[in-house]
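Have a look at target-v7.txt below; it lists compact mmCIF, C-alpha atoms.
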```txt
# COMPACT_ATOMS: atom_id res chain seq x y z
CA ALA A 1 -21.30 6.74 12.58
CA GLN A 2 -19.73 5.35 9.47
CA SER A 3 -21.90 4.04 6.63
CA VAL A 4 -21.67 2.87 3.05
CA THR A 5 -24.26 3.23 0.32
CA GLN A 6 -24.32 1.29 -2.91
CA PRO A 7 -27.13 2.90 -4.89
CA ASP A 8 -27.48 0.16 -7.50
CA ILE A 9 -28.94 -3.13 -6.29
CA HIS A 10 -28.67 -4.81 -9.69
CA ILE A 11 -26.69 -4.00 -12.82
CA THR A 12 -26.84 -5.90 -16.09
CA VAL A 13 -24.02 -5.49 -18.59
CA SER A 14 -23.11 -7.17 -21.84
CA GLU A 15 -19.94 -9.18 -22.01
CA GLY A 16 -17.15 -6.95 -23.25
CA ALA A 17 -18.84 -3.75 -22.12
CA SER A 18 -17.48 -1.52 -19.39
CA LEU A 19 -18.72 -1.68 -15.83
CA GLU A 20 -18.91 0.94 -13.10
CA LEU A 21 -20.26 0.27 -9.63
CA ARG A 22 -21.00 3.18 -7.37
CA CYS A 23 -20.09 3.48 -3.72
CA ASN A 24 -20.60 6.41 -1.38
CA TYR A 25 -19.36 6.42 2.17
CA SER A 26 -19.82 8.48 5.27
CA TYR A 27 -16.96 8.77 7.72
CA GLY A 28 -15.54 11.70 9.61
CA ALA A 29 -11.87 11.07 9.01
CA THR A 30 -9.77 9.64 6.21
CA PRO A 31 -11.28 6.25 5.48
CA TYR A 32 -9.83 2.95 4.54
CA LEU A 33 -11.96 1.69 1.64
CA PHE A 34 -12.40 -1.74 0.13
CA TRP A 35 -14.17 -3.59 -2.61
CA TYR A 36 -15.00 -7.26 -2.17
CA VAL A 37 -16.50 -9.71 -4.63
CA GLN A 38 -18.67 -12.68 -3.82
CA SER A 39 -19.17 -15.20 -6.59
CA PRO A 40 -22.25 -17.43 -6.38
CA GLY A 41 -21.92 -19.84 -3.48
CA GLN A 42 -18.53 -18.49 -2.52
CA GLY A 43 -17.06 -16.43 0.25
CA LEU A 44 -15.72 -12.90 0.01
CA GLN A 45 -12.64 -12.06 -1.98
CA LEU A 46 -10.82 -8.76 -1.64
CA LEU A 47 -10.58 -6.98 -5.01
CA LEU A 48 -8.71 -3.87 -3.95
CA LYS A 49 -8.23 -1.41 -1.13
CA TYR A 50 -7.42 2.24 -0.61
CA PHE A 51 -5.51 3.52 2.39
CA SER A 52 -3.75 6.64 1.19
CA GLY A 53 -1.70 8.01 -1.68
CA ASP A 54 -2.71 7.60 -5.30
CA THR A 55 -6.46 7.91 -5.54
CA LEU A 56 -6.67 5.47 -8.43
CA VAL A 57 -6.22 1.98 -7.10
CA GLN A 58 -5.58 -1.12 -9.16
CA GLY A 59 -6.89 -4.46 -8.03
CA ILE A 60 -7.12 -8.04 -9.12
CA LYS A 61 -9.07 -9.35 -12.13
CA GLY A 62 -8.61 -6.10 -14.03
CA PHE A 63 -10.61 -3.94 -11.63
CA GLU A 64 -9.74 -0.44 -10.51
CA ALA A 65 -11.36 2.08 -8.20
CA GLU A 66 -11.04 5.81 -7.75
CA PHE A 67 -11.25 7.57 -4.41
CA LYS A 68 -12.84 11.01 -4.62
CA ARG A 69 -12.82 12.72 -1.26
CA SER A 70 -14.92 15.68 -2.45
CA GLN A 71 -17.70 13.31 -3.47
CA SER A 72 -17.20 10.76 -0.68
CA SER A 73 -17.10 8.12 -3.37
CA PHE A 74 -15.06 5.06 -4.21
CA ASN A 75 -16.44 3.75 -7.50
CA LEU A 76 -15.28 0.47 -8.98
CA ARG A 77 -14.63 0.09 -12.70
CA LYS A 78 -13.65 -2.50 -15.23
CA PRO A 79 -13.10 -1.63 -18.90
CA SER A 80 -14.30 -4.92 -20.37
CA VAL A 81 -16.47 -7.36 -18.45
CA HIS A 82 -16.10 -11.12 -18.71
CA TRP A 83 -18.88 -13.61 -18.01
CA SER A 84 -16.96 -14.72 -14.91
CA ASP A 85 -17.44 -11.25 -13.41
CA ALA A 86 -21.07 -12.06 -12.67
CA ALA A 87 -21.16 -11.81 -8.90
CA GLU A 88 -22.16 -9.61 -6.02
CA TYR A 89 -19.87 -6.73 -5.16
CA PHE A 90 -19.55 -5.07 -1.80
CA CYS A 91 -17.98 -1.78 -0.93
CA ALA A 92 -16.75 -1.40 2.65
CA VAL A 93 -15.19 1.23 4.88
CA VAL A 94 -13.04 0.85 7.95
CA GLY A 95 -13.30 3.43 10.65
CA ASN A 96 -13.44 1.75 14.03
CA LYS A 97 -14.77 -1.39 12.34
CA LEU A 98 -15.47 -2.80 8.91
CA THR A 99 -18.86 -1.62 7.59
CA PHE A 100 -20.32 -2.93 4.36
CA GLY A 101 -22.67 -1.48 1.80
CA GLY A 102 -25.77 -3.38 0.73
CA GLY A 103 -24.09 -4.87 -2.32
CA THR A 104 -24.60 -4.67 -6.08
CA ARG A 105 -25.41 -7.80 -8.02
CA VAL A 106 -23.89 -7.85 -11.50
CA LEU A 107 -25.41 -9.92 -14.27
CA VAL A 108 -23.45 -10.41 -17.49
CA LYS A 109 -25.31 -10.94 -20.76
CA PRO A 110 -23.62 -12.95 -23.51
CA GLU B 1 -2.67 -22.81 4.23
CA ALA B 2 -3.82 -19.75 6.17
CA GLN B 3 -7.56 -19.89 6.47
CA VAL B 4 -10.73 -19.39 8.44
CA THR B 5 -12.82 -22.55 8.61
CA GLN B 6 -16.53 -22.52 9.30
CA ASN B 7 -18.74 -25.51 9.90
CA PRO B 8 -21.22 -26.50 8.78
CA ARG B 9 -21.49 -24.93 5.31
CA TYR B 10 -25.21 -25.55 5.17
CA LEU B 11 -27.69 -26.10 7.96
CA ILE B 12 -31.45 -26.46 8.09
CA THR B 13 -32.99 -26.49 11.53
CA VAL B 14 -36.28 -25.94 13.27
CA THR B 15 -37.37 -23.02 15.38
CA GLY B 16 -36.12 -23.22 18.94
CA LYS B 17 -33.52 -25.94 18.50
CA LYS B 18 -30.18 -24.72 19.81
CA LEU B 19 -27.31 -24.75 17.34
CA THR B 20 -23.68 -23.77 17.14
CA VAL B 21 -21.73 -22.68 14.09
CA THR B 22 -18.03 -23.18 14.58
CA CYS B 23 -15.26 -20.90 13.36
CA SER B 24 -11.57 -21.66 13.58
CA GLN B 25 -8.53 -19.78 12.26
CA ASN B 26 -4.93 -20.97 11.98
CA MET B 27 -3.22 -17.59 11.64
CA ASN B 28 -2.88 -16.74 15.32
CA HIS B 29 -5.12 -13.72 14.78
CA GLU B 30 -6.39 -11.93 17.85
CA TYR B 31 -9.41 -10.23 16.28
CA MET B 32 -12.38 -12.34 15.17
CA SER B 33 -15.85 -11.37 14.10
CA TRP B 34 -19.17 -12.76 12.93
CA TYR B 35 -21.28 -11.21 10.19
CA ARG B 36 -24.62 -12.07 8.71
CA GLN B 37 -25.43 -11.31 5.09
CA ASP B 38 -28.96 -10.55 3.95
CA PRO B 39 -30.16 -9.37 0.53
CA GLY B 40 -29.96 -5.62 0.16
CA LEU B 41 -28.40 -5.19 3.60
CA GLY B 42 -24.89 -6.36 2.88
CA LEU B 43 -22.94 -7.81 5.77
CA ARG B 44 -23.76 -6.70 9.28
CA GLN B 45 -21.60 -7.42 12.27
CA ILE B 46 -23.11 -9.63 14.96
CA TYR B 47 -20.32 -9.94 17.53
CA TYR B 48 -16.60 -9.45 17.60
CA SER B 49 -13.74 -10.44 19.83
CA MET B 50 -10.54 -8.48 20.35
CA ASN B 51 -8.83 -11.35 22.13
CA VAL B 52 -9.39 -14.41 24.29
CA GLU B 53 -12.22 -13.86 26.76
CA VAL B 54 -12.93 -10.41 25.27
CA THR B 55 -16.11 -10.16 23.22
CA ASP B 56 -18.49 -7.35 22.38
CA LYS B 57 -21.71 -6.74 20.52
CA GLY B 58 -21.78 -5.62 16.93
CA ASP B 59 -24.71 -4.06 15.15
CA VAL B 60 -27.16 -6.98 15.27
CA PRO B 61 -26.39 -9.12 18.34
CA GLU B 62 -29.95 -10.01 19.38
CA GLY B 63 -30.57 -13.74 19.45
CA TYR B 64 -26.90 -14.68 19.29
CA LYS B 65 -24.16 -15.59 21.72
CA VAL B 66 -20.45 -16.10 21.23
CA SER B 67 -17.54 -17.33 23.27
CA ARG B 68 -13.77 -16.98 22.93
CA LYS B 69 -12.09 -19.47 25.18
CA GLU B 70 -9.18 -20.04 22.83
CA LYS B 71 -7.55 -17.70 20.36
CA ARG B 72 -8.24 -19.89 17.35
CA ASN B 73 -11.96 -20.58 17.94
CA PHE B 74 -14.95 -18.26 17.94
CA PRO B 75 -18.23 -20.21 17.85
CA LEU B 76 -21.57 -18.55 17.16
CA ILE B 77 -24.43 -19.88 19.27
CA LEU B 78 -28.11 -19.56 18.57
CA GLU B 79 -29.86 -20.62 21.75
CA SER B 80 -33.37 -20.53 20.27
CA PRO B 81 -33.22 -19.93 16.54
CA SER B 82 -36.08 -18.17 14.80
CA PRO B 83 -36.93 -17.87 11.10
CA ASN B 84 -35.64 -14.29 10.99
CA GLN B 85 -32.18 -15.70 11.65
CA THR B 86 -32.25 -17.46 8.30
CA SER B 87 -29.21 -15.94 6.65
CA LEU B 88 -25.71 -16.43 5.32
CA TYR B 89 -23.13 -16.16 8.08
CA PHE B 90 -19.46 -15.29 7.76
CA CYS B 91 -16.70 -15.53 10.28
CA ALA B 92 -13.61 -13.38 9.82
CA SER B 93 -10.31 -12.82 11.58
CA SER B 94 -7.49 -10.31 11.41
CA PRO B 95 -4.26 -9.46 13.22
CA PRO B 96 -4.57 -6.92 16.06
CA GLY B 97 -5.15 -3.34 15.00
CA THR B 98 -5.57 -4.31 11.35
CA VAL B 99 -9.25 -4.75 10.59
CA HIS B 100 -8.37 -4.12 6.97
CA ARG B 101 -6.53 -7.44 6.81
CA TYR B 102 -9.61 -9.54 7.30
CA THR B 103 -9.63 -13.16 6.20
CA PHE B 104 -13.15 -14.47 5.71
CA GLY B 105 -14.49 -17.97 6.05
CA SER B 106 -16.48 -19.58 3.24
CA GLY B 107 -19.81 -18.92 4.91
CA THR B 108 -22.58 -20.92 6.56
CA ARG B 109 -26.01 -20.84 5.03
CA LEU B 110 -28.56 -21.29 7.80
CA THR B 111 -32.25 -21.92 7.26
CA VAL B 112 -34.60 -21.91 10.23
CA VAL B 113 -38.04 -23.34 9.54
```
Could the structure of this file be written out as structure tokens, please?
Amino acid sequence: AQSVTQPDIHITVSEGASLELRCNYSYGATPYLFWYVQSPGQGLQLLLKYFSGDTLVQGIKGFEAEFKRSQSSFNLRKPSVHWSDAAEYFCAVVGNKLTFGGGTRVLVKP
Amino acid sequence: EAQVTQNPRYLITVTGKKLTVTCSQNMNHEYMSWYRQDPGLGLRQIYYSMNVEVTDKGDVPEGYKVSRKEKRNFPLILESPSPNQTSLYFCASSPPGTVHRYTFGSGTRLTVV
């Protein structure tokens, strides 16, 4: 069965600092991987996705993610965080269905 | 505008009082799904529908019903809501064979007291 683990429930970063959110997945074949963001009181917005090809994927809002098959990981990064990046972030994998991780809530300190 | 519309956005109800959360999409998508979001658990699939009159259980179907009489609508029915169904609910749709092209609704925050 496919699964996604986001080890960090909460992360606090200072504005302007870099951010990395961890995601580990379990799936028997080549996965489709996603990162979604949910701002307070909002729905889900797709940040980026990986299907195949280049393992470094660029997304919206300055985010990128790197697929590492050997580590079963798909970590999300942003070089310089803005206050508007405070949100909850979900990693997801598609095998026979879309399965989400538990989410990481990001707090941004001024 | 292509979208998935859920109603209501917020709902407070009492235990045992039947309710329906509506979901409608205007993209002619065949696949529709309901998720619930709970802290620390992410989004878990409740039910999904591959097409009209075709529905199946997801990971957490207990206490829920769905119907798919028309392609555009996929209501979620709670026949006898209980407090453990207090959650944030999302409807989503996608074209056939493309789960990765999900469009999500804005969510329905349900509180059962």
Fill in the blank from the handout: Arg101 (chain B) proximity check over B:Val52, B:Val21, B:Met27, B:Leu11, using only C-alpha atoms: winner is B:Met27
Handout entry: Nearest to Thr30 (chain A), chosen from A:Leu44, A:Ala1, A:Val94, A:Val108, with all atoms listed in the file counted in the distances
Key = A:Val94
Write out as JSON lines the residues of chain A that have any atom within 9 Å of an atom of chain B, one row each with the nearest atom pair and its distance in Å to one decimal, counting only C-alpha atoms, sorted by chain and then rising number.
```
{"residue": "A:Ile9", "atom": "CA", "partner": "B:Gly40", "partner_atom": "CA", "distance": 7.0}
{"residue": "A:Tyr32", "atom": "CA", "partner": "B:His100", "partner_atom": "CA", "distance": 7.6}
{"residue": "A:Leu33", "atom": "CA", "partner": "B:His100", "partner_atom": "CA", "distance": 8.7}
{"residue": "A:Phe34", "atom": "CA", "partner": "B:His100", "partner_atom": "CA", "distance": 8.3}
{"residue": "A:Gly41", "atom": "CA", "partner": "B:Ser106", "partner_atom": "CA", "distance": 8.6}
{"residue": "A:Gln42", "atom": "CA", "partner": "B:Ser106", "partner_atom": "CA", "distance": 6.2}
{"residue": "A:Gly43", "atom": "CA", "partner": "B:Ser106", "partner_atom": "CA", "distance": 4.4}
{"residue": "A:Leu44", "atom": "CA", "partner": "B:Phe104", "partner_atom": "CA", "distance": 6.4}
{"residue": "A:Gln45", "atom": "CA", "partner": "B:Phe104", "partner_atom": "CA", "distance": 8.1}
{"residue": "A:Lys49", "atom": "CA", "partner": "B:His100", "partner_atom": "CA", "distance": 8.5}
{"residue": "A:Phe90", "atom": "CA", "partner": "B:Gly42", "partner_atom": "CA", "distance": 7.2}
{"residue": "A:Val93", "atom": "CA", "partner": "B:His100", "partner_atom": "CA", "distance": 8.9}
{"residue": "A:Val94", "atom": "CA", "partner": "B:His100", "partner_atom": "CA", "distance": 6.9}
{"residue": "A:Asn96", "atom": "CA", "partner": "B:Val99", "partner_atom": "CA", "distance": 8.5}
{"residue": "A:Lys97", "atom": "CA", "partner": "B:Val99", "partner_atom": "CA", "distance": 6.7}
{"residue": "A:Leu98", "atom": "CA", "partner": "B:Val99", "partner_atom": "CA", "distance": 6.7}
{"residue": "A:Thr99", "atom": "CA", "partner": "B:Arg44", "partner_atom": "CA", "distance": 7.3}
{"residue": "A:Phe100", "atom": "CA", "partner": "B:Leu43", "partner_atom": "CA", "distance": 5.7}
{"residue": "A:Gly101", "atom": "CA", "partner": "B:Gly42", "partner_atom": "CA", "distance": 5.5}
{"residue": "A:Gly102", "atom": "CA", "partner": "B:Gly42", "partner_atom": "CA", "distance": 3.8}
{"residue": "A:Gly103", "atom": "CA", "partner": "B:Gly42", "partner_atom": "CA", "distance": 5.5}
{"residue": "A:Thr104", "atom": "CA", "partner": "B:Gly40", "partner_atom": "CA", "distance": 8.3}
```
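One finds CA of Trp34 (chain B) at 16.7 Å from CA of Asn84 (chain B).
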Practice task
Would you mind listing what lies within 8 Å of Ile46 (chain B) as number ranges by chain, with only C-alpha atoms counted and same-chain residues fewer than 6 positions away left out?
Solution key: B: 33-36, 57-61, 64
Residue subset to file, keeping C-alpha atoms, as an mmCIF file, in the coordinates of the input:
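After the write, again.cif holds the following:
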```
data_model
loop_
_atom_site.group_PDB
_atom_site.id
_atom_site.type_symbol
_atom_site.label_atom_id
_atom_site.label_comp_id
_atom_site.auth_asym_id
_atom_site.auth_seq_id
_atom_site.Cartn_x
_atom_site.Cartn_y
_atom_site.Cartn_z
ATOM 1 C CA SER B 33 -15.850 -11.370 14.100
ATOM 2 C CA TRP B 34 -19.170 -12.760 12.930
ATOM 3 C CA TYR B 35 -21.280 -11.210 10.190
ATOM 4 C CA ARG B 36 -24.620 -12.070 8.710
ATOM 5 C CA LYS B 57 -21.710 -6.740 20.520
ATOM 6 C CA GLY B 58 -21.780 -5.620 16.930
ATOM 7 C CA ASP B 59 -24.710 -4.060 15.150
ATOM 8 C CA VAL B 60 -27.160 -6.980 15.270
ATOM 9 C CA PRO B 61 -26.390 -9.120 18.340
ATOM 10 C CA TYR B 64 -26.900 -14.680 19.290
#
```
Problem - One-decimal distance in Å that lies between CA of Ala65 (chain A) and CA of Gly53 (chain A) - result: 13.1 Å
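Proximity to Ser18 (chain A) was assessed for A:Ser70, A:Arg105, A:Arg77, A:Tyr89 counting all atoms listed in the file; the smallest distance is recorded for A:Arg77.
Taking CA of Glu66 (chain A) and CA of Ala29 (chain A) as endpoints, the distance between them is 17.6 Å.
Distances here use only C-alpha atoms; by that measure, the residue among B:Ser94, B:Ser82, B:Asn73, B:Gln3 closest to Gly16 (chain B) is B:Ser82.
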Problem - Polymer residues at most 12 Å from region 65-68 of chain B, only C-alpha atoms, same-chain spacing of 6 or more positions, as a PyMOL selection string - result: chain B and resi 18-24+30-34+46-58+74-81+91
Practice task
Around the point (-18.5, 1.0, -15.5) in the file's coordinates, collect all residues with an atom within 9 Å, using only C-alpha atoms, and return them as a list in words.
Solution key: Ala17, Ser18, Leu19, Glu20, Leu21, Arg22, Asn75, Leu76, Arg77, Lys78, Pro79 and Ser80 of chain A
Practice task
Considering only C-alpha atoms, return as number ranges by chain whatever protein or nucleic-acid residues lie within 7 Å of Ser26 (chain A), sequence-local ones (same chain, fewer than 5 positions apart) excluded.
Solution key: A: 2-4, 72
Any chance you can output those residues with C-alpha atoms as a compact mmCIF listing (two decimals), in the frame of the given file?
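After the write, part-v8.txt holds the following:
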```txt
# COMPACT_ATOMS: atom_id res chain seq x y z
CA GLN A 2 -19.73 5.35 9.47
CA SER A 3 -21.90 4.04 6.63
CA VAL A 4 -21.67 2.87 3.05
CA SER A 72 -17.20 10.76 -0.68
```
If I only have part of region 14-26 of chain B, can you fill in N, CA and C atoms and write it as a CSV table (one decimal), keeping the file's coordinate frame?
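Saved result, selection-v3.csv, follows:
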```
chain,number,residue,atom,x,y,z
B,14,VAL,N,-34.9,-26.4,12.9
B,14,VAL,CA,-36.3,-25.9,13.3
B,14,VAL,C,-36.2,-24.9,14.4
B,15,THR,N,-37.3,-24.1,14.4
B,15,THR,CA,-37.4,-23.0,15.4
B,15,THR,C,-37.2,-23.6,16.8
B,16,GLY,N,-36.3,-22.9,17.5
B,16,GLY,CA,-36.1,-23.2,18.9
B,16,GLY,C,-35.1,-24.3,19.3
B,17,LYS,N,-34.5,-24.9,18.3
B,17,LYS,CA,-33.5,-25.9,18.5
B,17,LYS,C,-32.1,-25.3,18.5
B,18,LYS,N,-31.5,-25.3,19.6
B,18,LYS,CA,-30.2,-24.7,19.8
B,18,LYS,C,-29.2,-25.2,18.8
B,19,LEU,N,-28.4,-24.3,18.3
B,19,LEU,CA,-27.3,-24.8,17.3
B,19,LEU,C,-26.1,-23.9,17.5
B,20,THR,N,-25.0,-24.5,17.1
B,20,THR,CA,-23.7,-23.8,17.1
B,20,THR,C,-23.0,-23.9,15.8
B,21,VAL,N,-22.5,-22.7,15.3
B,21,VAL,CA,-21.7,-22.7,14.1
B,21,VAL,C,-20.3,-22.4,14.5
B,22,THR,N,-19.4,-23.3,14.1
B,22,THR,CA,-18.0,-23.2,14.6
B,22,THR,C,-17.2,-22.3,13.6
B,23,CYS,N,-16.2,-21.7,14.1
B,23,CYS,CA,-15.3,-20.9,13.4
B,23,CYS,C,-13.9,-21.1,14.0
B,24,SER,N,-12.9,-21.4,13.1
B,24,SER,CA,-11.6,-21.7,13.6
B,24,SER,C,-10.6,-21.0,12.6
B,25,GLN,N,-9.6,-20.4,13.1
B,25,GLN,CA,-8.5,-19.8,12.3
B,25,GLN,C,-7.2,-20.3,12.7
B,26,ASN,N,-6.3,-20.4,11.7
B,26,ASN,CA,-4.9,-21.0,12.0
B,26,ASN,C,-3.8,-19.9,11.8
```
